Amino acid sequence: MLERTDPDFIEQQQTMFTRIARQYDLMNHIMSGWRDDSWRRFAIKQAALPESGRLLDIGTGTGSLALEASQQFPSSQIIAADLTLPMMEVGRTRNPEADLDWTAVEVTRLPFPSDTFDGVVSGFLARNLSDVYQGLSEQYRVLKPGGKISILETSKRAKDILTPLIRLYMYHLIPTLNGLITKNKEDYTYLYESTESFLRAEELAAFLAAVGFKKVLFKRFMFGLIAVHWGEK
């Protein structure tokens with residue numbers, strides 16, 4: 001895996017997510033035991049959008065979080081933004097009736113004015129950022145004062161009695177299943193490696209506070225492998 005400071009990091013991410021775009025939603029369901037939709041519902045609830053609010057789903061992928069937001073907050077204007085066009089194309093094709101504004105962006109250089117959105121959400125994006133602090137700072141910048149951020153992400157766990165079983169599941173079983181479905185085992189080996197090299201839930205909370213977010217909280221799911229963080233500008 002490339003270091004996050006490598007100039008080819010973003011291109012590597014685009015290439016990988018282009019390869020797995022059509023199987024991405026299915027693999028998320030399988031890996032989570034079909035619990036990922038409930039995590040998205042919880043994450044969107046924390047965004048607490050006002051009536052006719054504006055929401056940015058950054059790193060939207062196939063738009064799963066944005067679609068959930070459109071159900072919870074039907075009067076809102078929702079921008080679904082990602083750098084990988086094939087991922088968004090899969091989402092648009094599968095959900096042609098969805099009232100979403102799809103757009104291509106790079107999260108560390110968001111093309112929006114400051115104080116634009118009432119909420120910014122992301123799902124499984126943070127650990128793939130080339131610069132986590134810069135990515136969070138940009139999300140803080142485009143939020144209105146009082147706006148909410150909500151982040152759904154994998155989380156590095158402290159080692160305990162479950163660690164060998166979780167490593168077996170993440171490092172062997174999931175890549176093997178992905179290999180059977182997509183003929184590409186390596187991309188989901190990256191999932192475990194990127195989670196293990198990322199931040200613990202407490203550390204990501206500290207990053208959010210360092211950027212400027214207030215009232216930062218988080219909740220863990222799936223034995224601590226998943227966490228939802230939220231805070232306020």
# chains A, B, ... in the order shown; residues from 1 in each chain; ligands from 1
$ closest_atom_pairs --of "range 82-126 of chain A" --to "range 215-227 of chain A" --cutoff "12 Å" --atoms "only C-alpha atoms" --output "CSV"
residue,atom,partner,partner_atom,distance
A:Ser122,CA,A:Ala227,CA,12.0
A:Gly123,CA,A:Ala227,CA,10.3
A:Phe124,CA,A:Ile226,CA,9.5
A:Ala126,CA,A:Ala227,CA,11.5
$ select_by_dssp --residues "range 1-203 of chain A" --states "strand (DSSP E or B)" --output "ChimeraX atom specification"
/A:54-58,77-82,101-104,117-123,143-154
$ residues_around --residues "Phe198 in chain A" --least-positions-apart "5" --cutoff "8 Å" --atoms "only C-alpha atoms" --output "PDB file with all heavy atoms, in the first residue's frame"
ATOM      1  N   ARG A 127     -10.384   7.079   6.040  1.00  0.00           N
ATOM      2  CA  ARG A 127      -9.132   6.316   6.040  1.00  0.00           C
ATOM      3  C   ARG A 127      -8.469   6.303   4.659  1.00  0.00           C
ATOM      4  O   ARG A 127      -7.313   5.906   4.529  1.00  0.00           O
ATOM      5  CB  ARG A 127      -9.371   4.891   6.528  1.00  0.00           C
ATOM      6  CG  ARG A 127     -10.045   3.978   5.527  1.00  0.00           C
ATOM      7  CD  ARG A 127     -10.220   2.564   6.063  1.00  0.00           C
ATOM      8  NE  ARG A 127     -10.718   1.672   5.048  1.00  0.00           N
ATOM      9  CZ  ARG A 127     -11.982   1.576   4.669  1.00  0.00           C
ATOM     10  NH1 ARG A 127     -12.901   2.328   5.246  1.00  0.00           N
ATOM     11  NH2 ARG A 127     -12.348   0.735   3.723  1.00  0.00           N
ATOM     12  N   SER A 155     -12.765   1.391  12.111  1.00  0.00           N
ATOM     13  CA  SER A 155     -11.989   1.893  13.234  1.00  0.00           C
ATOM     14  C   SER A 155     -10.976   0.846  13.679  1.00  0.00           C
ATOM     15  O   SER A 155     -11.294  -0.344  13.767  1.00  0.00           O
ATOM     16  CB  SER A 155     -12.922   2.242  14.400  1.00  0.00           C
ATOM     17  OG  SER A 155     -12.219   2.811  15.472  1.00  0.00           O
ATOM     18  N   LYS A 156      -9.776   1.294  13.966  1.00  0.00           N
ATOM     19  CA  LYS A 156      -8.753   0.391  14.481  1.00  0.00           C
ATOM     20  C   LYS A 156      -9.092   0.009  15.918  1.00  0.00           C
ATOM     21  O   LYS A 156      -9.374   0.864  16.746  1.00  0.00           O
ATOM     22  CB  LYS A 156      -7.381   1.071  14.429  1.00  0.00           C
ATOM     23  CG  LYS A 156      -6.228   0.165  14.838  1.00  0.00           C
ATOM     24  CD  LYS A 156      -4.908   0.882  14.667  1.00  0.00           C
ATOM     25  CE  LYS A 156      -3.741  -0.014  15.057  1.00  0.00           C
ATOM     26  NZ  LYS A 156      -2.441   0.689  14.867  1.00  0.00           N
TER      27      LYS A 156
END
$ closest_residue --among "A:Gln13, A:Gln71, A:Thr154, A:Thr18" --to "Val90 in chain A" --atoms "only C-alpha atoms"
A:Thr18
$ residues_around --residues "Pro111 in chain A" --least-positions-apart "6" --cutoff "10 Å" --atoms "only C-alpha atoms" --output "PyMOL selection string"
chain A and resi 104-105+138+142
$ residues_around --residues "Ala80 in chain A" --least-positions-apart "5" --cutoff "10 Å" --atoms "only C-alpha atoms" --output "list in words"
Leu55, Leu56, Asp57, Ile58, Gly59, Thr60, Gly61, Thr62, Gly63, Ser64, Leu65, Ala66, Leu67, Met88, Gly91, Leu100, Asp101, Trp102, Thr103, Ala104, Val105, Val121 and Ser122 of chain A
$ write_last_selection --atoms "all heavy atoms" --output "short mmCIF file (atom, residue, chain, number, x, y, z; two decimals), in the first residue's frame"
data_model
loop_
_atom_site.label_atom_id
_atom_site.label_comp_id
_atom_site.auth_asym_id
_atom_site.auth_seq_id
_atom_site.Cartn_x
_atom_site.Cartn_y
_atom_site.Cartn_z
N LEU A 55 -27.05 19.54 2.24
CA LEU A 55 -26.18 18.48 2.73
C LEU A 55 -25.16 18.12 1.66
O LEU A 55 -25.50 17.97 0.48
CB LEU A 55 -27.00 17.23 3.08
CG LEU A 55 -26.17 16.03 3.56
CD1 LEU A 55 -25.70 16.24 4.99
CD2 LEU A 55 -26.98 14.73 3.45
N LEU A 56 -23.92 17.93 2.07
CA LEU A 56 -22.86 17.42 1.20
C LEU A 56 -22.49 16.03 1.67
O LEU A 56 -22.06 15.84 2.82
CB LEU A 56 -21.64 18.34 1.26
CG LEU A 56 -20.39 17.84 0.52
CD1 LEU A 56 -20.63 17.72 -0.98
CD2 LEU A 56 -19.19 18.76 0.81
N ASP A 57 -22.65 15.04 0.79
CA ASP A 57 -22.16 13.68 1.05
C ASP A 57 -20.85 13.55 0.28
O ASP A 57 -20.85 13.39 -0.94
CB ASP A 57 -23.19 12.64 0.58
CG ASP A 57 -22.67 11.21 0.71
OD1 ASP A 57 -21.67 11.00 1.42
OD2 ASP A 57 -23.27 10.31 0.10
N ILE A 58 -19.74 13.64 1.01
CA ILE A 58 -18.43 13.67 0.37
C ILE A 58 -17.84 12.25 0.34
O ILE A 58 -17.92 11.53 1.33
CB ILE A 58 -17.49 14.66 1.09
CG1 ILE A 58 -16.16 14.77 0.38
CG2 ILE A 58 -17.31 14.29 2.55
CD1 ILE A 58 -16.26 15.42 -0.97
N GLY A 59 -17.29 11.86 -0.81
CA GLY A 59 -16.87 10.47 -1.00
C GLY A 59 -18.09 9.59 -1.09
O GLY A 59 -18.14 8.48 -0.55
N THR A 60 -19.08 10.06 -1.83
CA THR A 60 -20.40 9.41 -1.85
C THR A 60 -20.39 8.01 -2.43
O THR A 60 -21.25 7.20 -2.11
CB THR A 60 -21.41 10.29 -2.63
OG1 THR A 60 -22.73 9.80 -2.43
CG2 THR A 60 -21.09 10.33 -4.13
N GLY A 61 -19.41 7.69 -3.29
CA GLY A 61 -19.41 6.37 -3.91
C GLY A 61 -20.65 6.17 -4.76
O GLY A 61 -20.93 6.93 -5.68
N THR A 62 -21.42 5.14 -4.44
CA THR A 62 -22.66 4.87 -5.17
C THR A 62 -23.85 5.63 -4.58
O THR A 62 -24.99 5.41 -5.00
CB THR A 62 -22.97 3.37 -5.17
OG1 THR A 62 -23.08 2.92 -3.81
CG2 THR A 62 -21.87 2.59 -5.87
N GLY A 63 -23.59 6.50 -3.60
CA GLY A 63 -24.63 7.38 -3.10
C GLY A 63 -25.49 6.83 -1.98
O GLY A 63 -26.56 7.37 -1.70
N SER A 64 -25.04 5.78 -1.30
CA SER A 64 -25.88 5.15 -0.27
C SER A 64 -26.25 6.10 0.86
O SER A 64 -27.40 6.14 1.31
CB SER A 64 -25.18 3.92 0.30
OG SER A 64 -25.00 2.94 -0.71
N LEU A 65 -25.27 6.88 1.35
CA LEU A 65 -25.57 7.84 2.42
C LEU A 65 -26.49 8.95 1.92
O LEU A 65 -27.42 9.37 2.62
CB LEU A 65 -24.28 8.46 2.97
CG LEU A 65 -23.63 7.81 4.19
CD1 LEU A 65 -22.38 8.59 4.58
CD2 LEU A 65 -24.58 7.73 5.37
N ALA A 66 -26.21 9.45 0.73
CA ALA A 66 -27.05 10.51 0.16
C ALA A 66 -28.48 10.04 -0.02
O ALA A 66 -29.44 10.80 0.23
CB ALA A 66 -26.46 10.98 -1.18
N LEU A 67 -28.66 8.81 -0.45
CA LEU A 67 -30.01 8.26 -0.63
C LEU A 67 -30.73 8.15 0.72
O LEU A 67 -31.92 8.44 0.82
CB LEU A 67 -29.94 6.90 -1.32
CG LEU A 67 -29.53 6.94 -2.80
CD1 LEU A 67 -29.12 5.55 -3.26
CD2 LEU A 67 -30.67 7.48 -3.65
N MET A 88 -20.03 6.80 -8.96
CA MET A 88 -21.25 7.61 -9.03
C MET A 88 -22.15 7.16 -10.16
O MET A 88 -23.38 7.20 -10.04
CB MET A 88 -20.88 9.08 -9.17
CG MET A 88 -20.24 9.66 -7.93
SD MET A 88 -20.13 11.47 -7.94
CE MET A 88 -18.89 11.72 -9.22
N GLY A 91 -24.26 4.38 -9.00
CA GLY A 91 -25.33 4.89 -8.14
C GLY A 91 -26.44 5.55 -8.92
O GLY A 91 -27.64 5.34 -8.64
N LEU A 100 -30.77 13.80 -6.44
CA LEU A 100 -29.44 14.11 -5.94
C LEU A 100 -28.67 14.90 -6.99
O LEU A 100 -28.85 14.68 -8.19
CB LEU A 100 -28.66 12.84 -5.61
CG LEU A 100 -29.29 11.84 -4.63
CD1 LEU A 100 -28.40 10.62 -4.49
CD2 LEU A 100 -29.54 12.49 -3.27
N ASP A 101 -27.81 15.80 -6.53
CA ASP A 101 -26.90 16.51 -7.42
C ASP A 101 -25.55 15.81 -7.35
O ASP A 101 -24.83 15.93 -6.35
CB ASP A 101 -26.75 17.98 -7.00
CG ASP A 101 -28.05 18.75 -7.13
OD1 ASP A 101 -28.80 18.47 -8.08
OD2 ASP A 101 -28.31 19.62 -6.29
N TRP A 102 -25.21 15.09 -8.42
CA TRP A 102 -23.95 14.35 -8.45
C TRP A 102 -22.84 15.26 -9.00
O TRP A 102 -23.04 15.92 -10.01
CB TRP A 102 -24.08 13.11 -9.34
CG TRP A 102 -25.15 12.14 -8.93
CD1 TRP A 102 -26.47 12.19 -9.25
CD2 TRP A 102 -24.98 10.98 -8.12
NE1 TRP A 102 -27.14 11.13 -8.71
CE2 TRP A 102 -26.25 10.36 -8.01
CE3 TRP A 102 -23.88 10.38 -7.50
CZ2 TRP A 102 -26.45 9.19 -7.29
CZ3 TRP A 102 -24.08 9.21 -6.77
CH2 TRP A 102 -25.34 8.63 -6.67
N THR A 103 -21.69 15.24 -8.34
CA THR A 103 -20.59 16.08 -8.82
C THR A 103 -19.24 15.47 -8.46
O THR A 103 -19.13 14.77 -7.45
CB THR A 103 -20.70 17.51 -8.24
OG1 THR A 103 -19.72 18.35 -8.82
CG2 THR A 103 -20.50 17.50 -6.72
N ALA A 104 -18.25 15.74 -9.28
CA ALA A 104 -16.90 15.23 -9.05
C ALA A 104 -16.07 16.26 -8.28
O ALA A 104 -15.99 17.41 -8.69
CB ALA A 104 -16.21 14.91 -10.38
N VAL A 105 -15.49 15.83 -7.14
CA VAL A 105 -14.66 16.72 -6.34
C VAL A 105 -13.49 15.93 -5.75
O VAL A 105 -13.53 14.71 -5.64
CB VAL A 105 -15.44 17.39 -5.19
CG1 VAL A 105 -16.64 18.17 -5.69
CG2 VAL A 105 -15.86 16.37 -4.14
N VAL A 121 -21.54 14.80 5.44
CA VAL A 121 -21.46 13.41 5.87
C VAL A 121 -20.50 12.65 4.96
O VAL A 121 -20.22 13.07 3.83
CB VAL A 121 -22.85 12.73 5.84
CG1 VAL A 121 -23.80 13.41 6.80
CG2 VAL A 121 -23.43 12.71 4.43
N SER A 122 -19.99 11.54 5.46
CA SER A 122 -19.14 10.68 4.64
C SER A 122 -19.23 9.26 5.16
O SER A 122 -19.45 9.03 6.36
CB SER A 122 -17.67 11.14 4.66
OG SER A 122 -17.12 11.05 5.96
#
$ closest_residue --among "A:Ser70, A:Ser130, A:Ser76, A:Ser194" --to "Gly53 in chain A" --atoms "only C-alpha atoms"
A:Ser76
$ residues_around --residues "range 20-31 of chain A" --least-positions-apart "5" --cutoff "7 Å" --atoms "only C-alpha atoms" --output "list of chain:residue names"
A:Asp36, A:Pro86, A:Met87, A:Val90, A:Ile174
$ write_last_selection --atoms "N, CA, C and O atoms" --output "mmCIF file, in the first residue's frame"
data_model
loop_
_atom_site.group_PDB
_atom_site.id
_atom_site.type_symbol
_atom_site.label_atom_id
_atom_site.label_comp_id
_atom_site.auth_asym_id
_atom_site.auth_seq_id
_atom_site.Cartn_x
_atom_site.Cartn_y
_atom_site.Cartn_z
ATOM 1 N N ASP A 36 -24.989 -2.630 7.480
ATOM 2 C CA ASP A 36 -24.460 -1.326 7.053
ATOM 3 C C ASP A 36 -25.563 -0.294 6.823
ATOM 4 O O ASP A 36 -25.352 0.898 7.068
ATOM 5 N N PRO A 86 -16.896 6.309 -12.066
ATOM 6 C CA PRO A 86 -17.636 5.052 -12.235
ATOM 7 C C PRO A 86 -18.463 4.661 -11.013
ATOM 8 O O PRO A 86 -19.524 4.045 -11.163
ATOM 9 N N MET A 87 -18.006 5.010 -9.808
ATOM 10 C CA MET A 87 -18.804 4.718 -8.614
ATOM 11 C C MET A 87 -20.114 5.502 -8.652
ATOM 12 O O MET A 87 -21.201 4.947 -8.407
ATOM 13 N N VAL A 90 -22.598 4.123 -11.241
ATOM 14 C CA VAL A 90 -23.339 2.961 -10.746
ATOM 15 C C VAL A 90 -24.509 3.424 -9.893
ATOM 16 O O VAL A 90 -25.641 2.936 -10.029
ATOM 17 N N ILE A 174 -12.987 -12.247 4.074
ATOM 18 C CA ILE A 174 -13.562 -11.223 3.198
ATOM 19 C C ILE A 174 -12.836 -11.152 1.851
ATOM 20 O O ILE A 174 -13.491 -11.140 0.794
#
$ decode --residues "range 123-137 of chain A" --atoms "all heavy atoms" --output "mmCIF file, in the first residue's frame"
data_model
loop_
_atom_site.group_PDB
_atom_site.id
_atom_site.type_symbol
_atom_site.label_atom_id
_atom_site.label_comp_id
_atom_site.auth_asym_id
_atom_site.auth_seq_id
_atom_site.Cartn_x
_atom_site.Cartn_y
_atom_site.Cartn_z
ATOM 1 N N GLY A 123 -19.066 8.306 4.267
ATOM 2 C CA GLY A 123 -19.078 6.896 4.617
ATOM 3 C C GLY A 123 -17.854 6.195 4.076
ATOM 4 O O GLY A 123 -17.652 6.144 2.862
ATOM 5 N N PHE A 124 -17.013 5.685 4.954
ATOM 6 C CA PHE A 124 -15.822 4.915 4.582
ATOM 7 C C PHE A 124 -14.897 5.724 3.671
ATOM 8 O O PHE A 124 -14.361 5.202 2.696
ATOM 9 C CB PHE A 124 -16.221 3.586 3.944
ATOM 10 C CG PHE A 124 -17.184 2.801 4.801
ATOM 11 C CD1 PHE A 124 -18.464 2.526 4.371
ATOM 12 C CD2 PHE A 124 -16.808 2.373 6.058
ATOM 13 C CE1 PHE A 124 -19.366 1.821 5.177
ATOM 14 C CE2 PHE A 124 -17.690 1.670 6.871
ATOM 15 C CZ PHE A 124 -18.967 1.384 6.436
ATOM 16 N N LEU A 125 -14.757 6.995 4.009
ATOM 17 C CA LEU A 125 -13.895 7.903 3.257
ATOM 18 C C LEU A 125 -12.620 8.251 4.004
ATOM 19 O O LEU A 125 -11.539 8.270 3.415
ATOM 20 C CB LEU A 125 -14.652 9.200 2.936
ATOM 21 C CG LEU A 125 -13.787 10.367 2.435
ATOM 22 C CD1 LEU A 125 -13.352 10.127 0.995
ATOM 23 C CD2 LEU A 125 -14.519 11.696 2.574
ATOM 24 N N ALA A 126 -12.729 8.529 5.298
ATOM 25 C CA ALA A 126 -11.644 9.177 6.040
ATOM 26 C C ALA A 126 -10.329 8.406 5.953
ATOM 27 O O ALA A 126 -9.263 9.007 5.787
ATOM 28 C CB ALA A 126 -12.042 9.380 7.499
ATOM 29 N N ARG A 127 -10.384 7.079 6.040
ATOM 30 C CA ARG A 127 -9.132 6.316 6.040
ATOM 31 C C ARG A 127 -8.469 6.303 4.659
ATOM 32 O O ARG A 127 -7.313 5.906 4.529
ATOM 33 C CB ARG A 127 -9.371 4.891 6.528
ATOM 34 C CG ARG A 127 -10.045 3.978 5.527
ATOM 35 C CD ARG A 127 -10.220 2.564 6.063
ATOM 36 N NE ARG A 127 -10.718 1.672 5.048
ATOM 37 C CZ ARG A 127 -11.982 1.576 4.669
ATOM 38 N NH1 ARG A 127 -12.901 2.328 5.246
ATOM 39 N NH2 ARG A 127 -12.348 0.735 3.723
ATOM 40 N N ASN A 128 -9.201 6.729 3.630
ATOM 41 C CA ASN A 128 -8.650 6.768 2.277
ATOM 42 C C ASN A 128 -8.140 8.158 1.888
ATOM 43 O O ASN A 128 -7.684 8.341 0.755
ATOM 44 C CB ASN A 128 -9.706 6.315 1.266
ATOM 45 C CG ASN A 128 -10.123 4.875 1.473
ATOM 46 O OD1 ASN A 128 -9.286 3.992 1.613
ATOM 47 N ND2 ASN A 128 -11.422 4.628 1.528
ATOM 48 N N LEU A 129 -8.220 9.123 2.802
ATOM 49 C CA LEU A 129 -7.753 10.469 2.481
ATOM 50 C C LEU A 129 -6.234 10.522 2.443
ATOM 51 O O LEU A 129 -5.553 9.914 3.270
ATOM 52 C CB LEU A 129 -8.262 11.468 3.528
ATOM 53 C CG LEU A 129 -9.775 11.704 3.570
ATOM 54 C CD1 LEU A 129 -10.121 12.612 4.739
ATOM 55 C CD2 LEU A 129 -10.259 12.296 2.263
ATOM 56 N N SER A 130 -5.708 11.291 1.499
ATOM 57 C CA SER A 130 -4.264 11.483 1.443
ATOM 58 C C SER A 130 -3.782 12.333 2.610
ATOM 59 O O SER A 130 -2.645 12.205 3.061
ATOM 60 C CB SER A 130 -3.874 12.151 0.116
ATOM 61 O OG SER A 130 -4.558 13.376 -0.048
ATOM 62 N N ASP A 131 -4.649 13.211 3.137
ATOM 63 C CA ASP A 131 -4.321 14.075 4.271
ATOM 64 C C ASP A 131 -5.587 14.222 5.112
ATOM 65 O O ASP A 131 -6.497 14.976 4.762
ATOM 66 C CB ASP A 131 -3.840 15.442 3.768
ATOM 67 C CG ASP A 131 -3.346 16.354 4.875
ATOM 68 O OD1 ASP A 131 -3.864 16.261 6.007
ATOM 69 O OD2 ASP A 131 -2.446 17.164 4.617
ATOM 70 N N VAL A 132 -5.668 13.476 6.215
ATOM 71 C CA VAL A 132 -6.887 13.455 7.027
ATOM 72 C C VAL A 132 -7.194 14.833 7.596
ATOM 73 O O VAL A 132 -8.338 15.297 7.548
ATOM 74 C CB VAL A 132 -6.756 12.420 8.166
ATOM 75 C CG1 VAL A 132 -7.986 12.475 9.089
ATOM 76 C CG2 VAL A 132 -6.601 11.015 7.591
ATOM 77 N N TYR A 133 -6.185 15.513 8.131
ATOM 78 C CA TYR A 133 -6.418 16.826 8.739
ATOM 79 C C TYR A 133 -6.934 17.823 7.706
ATOM 80 O O TYR A 133 -7.898 18.556 7.960
ATOM 81 C CB TYR A 133 -5.128 17.353 9.377
ATOM 82 C CG TYR A 133 -5.320 18.630 10.158
ATOM 83 C CD1 TYR A 133 -5.685 18.601 11.503
ATOM 84 C CD2 TYR A 133 -5.171 19.875 9.546
ATOM 85 C CE1 TYR A 133 -5.877 19.768 12.225
ATOM 86 C CE2 TYR A 133 -5.372 21.049 10.252
ATOM 87 C CZ TYR A 133 -5.721 20.989 11.590
ATOM 88 O OH TYR A 133 -5.917 22.159 12.290
ATOM 89 N N GLN A 134 -6.315 17.836 6.523
ATOM 90 C CA GLN A 134 -6.754 18.756 5.478
ATOM 91 C C GLN A 134 -8.161 18.428 5.003
ATOM 92 O O GLN A 134 -8.985 19.320 4.769
ATOM 93 C CB GLN A 134 -5.779 18.730 4.296
ATOM 94 C CG GLN A 134 -6.180 19.592 3.101
ATOM 95 C CD GLN A 134 -6.259 21.065 3.434
ATOM 96 O OE1 GLN A 134 -5.639 21.515 4.397
ATOM 97 N NE2 GLN A 134 -7.000 21.828 2.649
ATOM 98 N N GLY A 135 -8.453 17.144 4.867
ATOM 99 C CA GLY A 135 -9.788 16.740 4.450
ATOM 100 C C GLY A 135 -10.858 17.173 5.441
ATOM 101 O O GLY A 135 -11.918 17.670 5.058
ATOM 102 N N LEU A 136 -10.579 17.005 6.730
ATOM 103 C CA LEU A 136 -11.534 17.434 7.751
ATOM 104 C C LEU A 136 -11.632 18.954 7.806
ATOM 105 O O LEU A 136 -12.712 19.513 8.032
ATOM 106 C CB LEU A 136 -11.124 16.888 9.116
ATOM 107 C CG LEU A 136 -11.198 15.365 9.287
ATOM 108 C CD1 LEU A 136 -10.682 14.970 10.667
ATOM 109 C CD2 LEU A 136 -12.629 14.854 9.087
ATOM 110 N N SER A 137 -10.507 19.632 7.601
ATOM 111 C CA SER A 137 -10.513 21.099 7.615
ATOM 112 C C SER A 137 -11.378 21.665 6.499
ATOM 113 O O SER A 137 -12.106 22.657 6.693
ATOM 114 C CB SER A 137 -9.079 21.636 7.484
ATOM 115 O OG SER A 137 -8.298 21.270 8.597
#
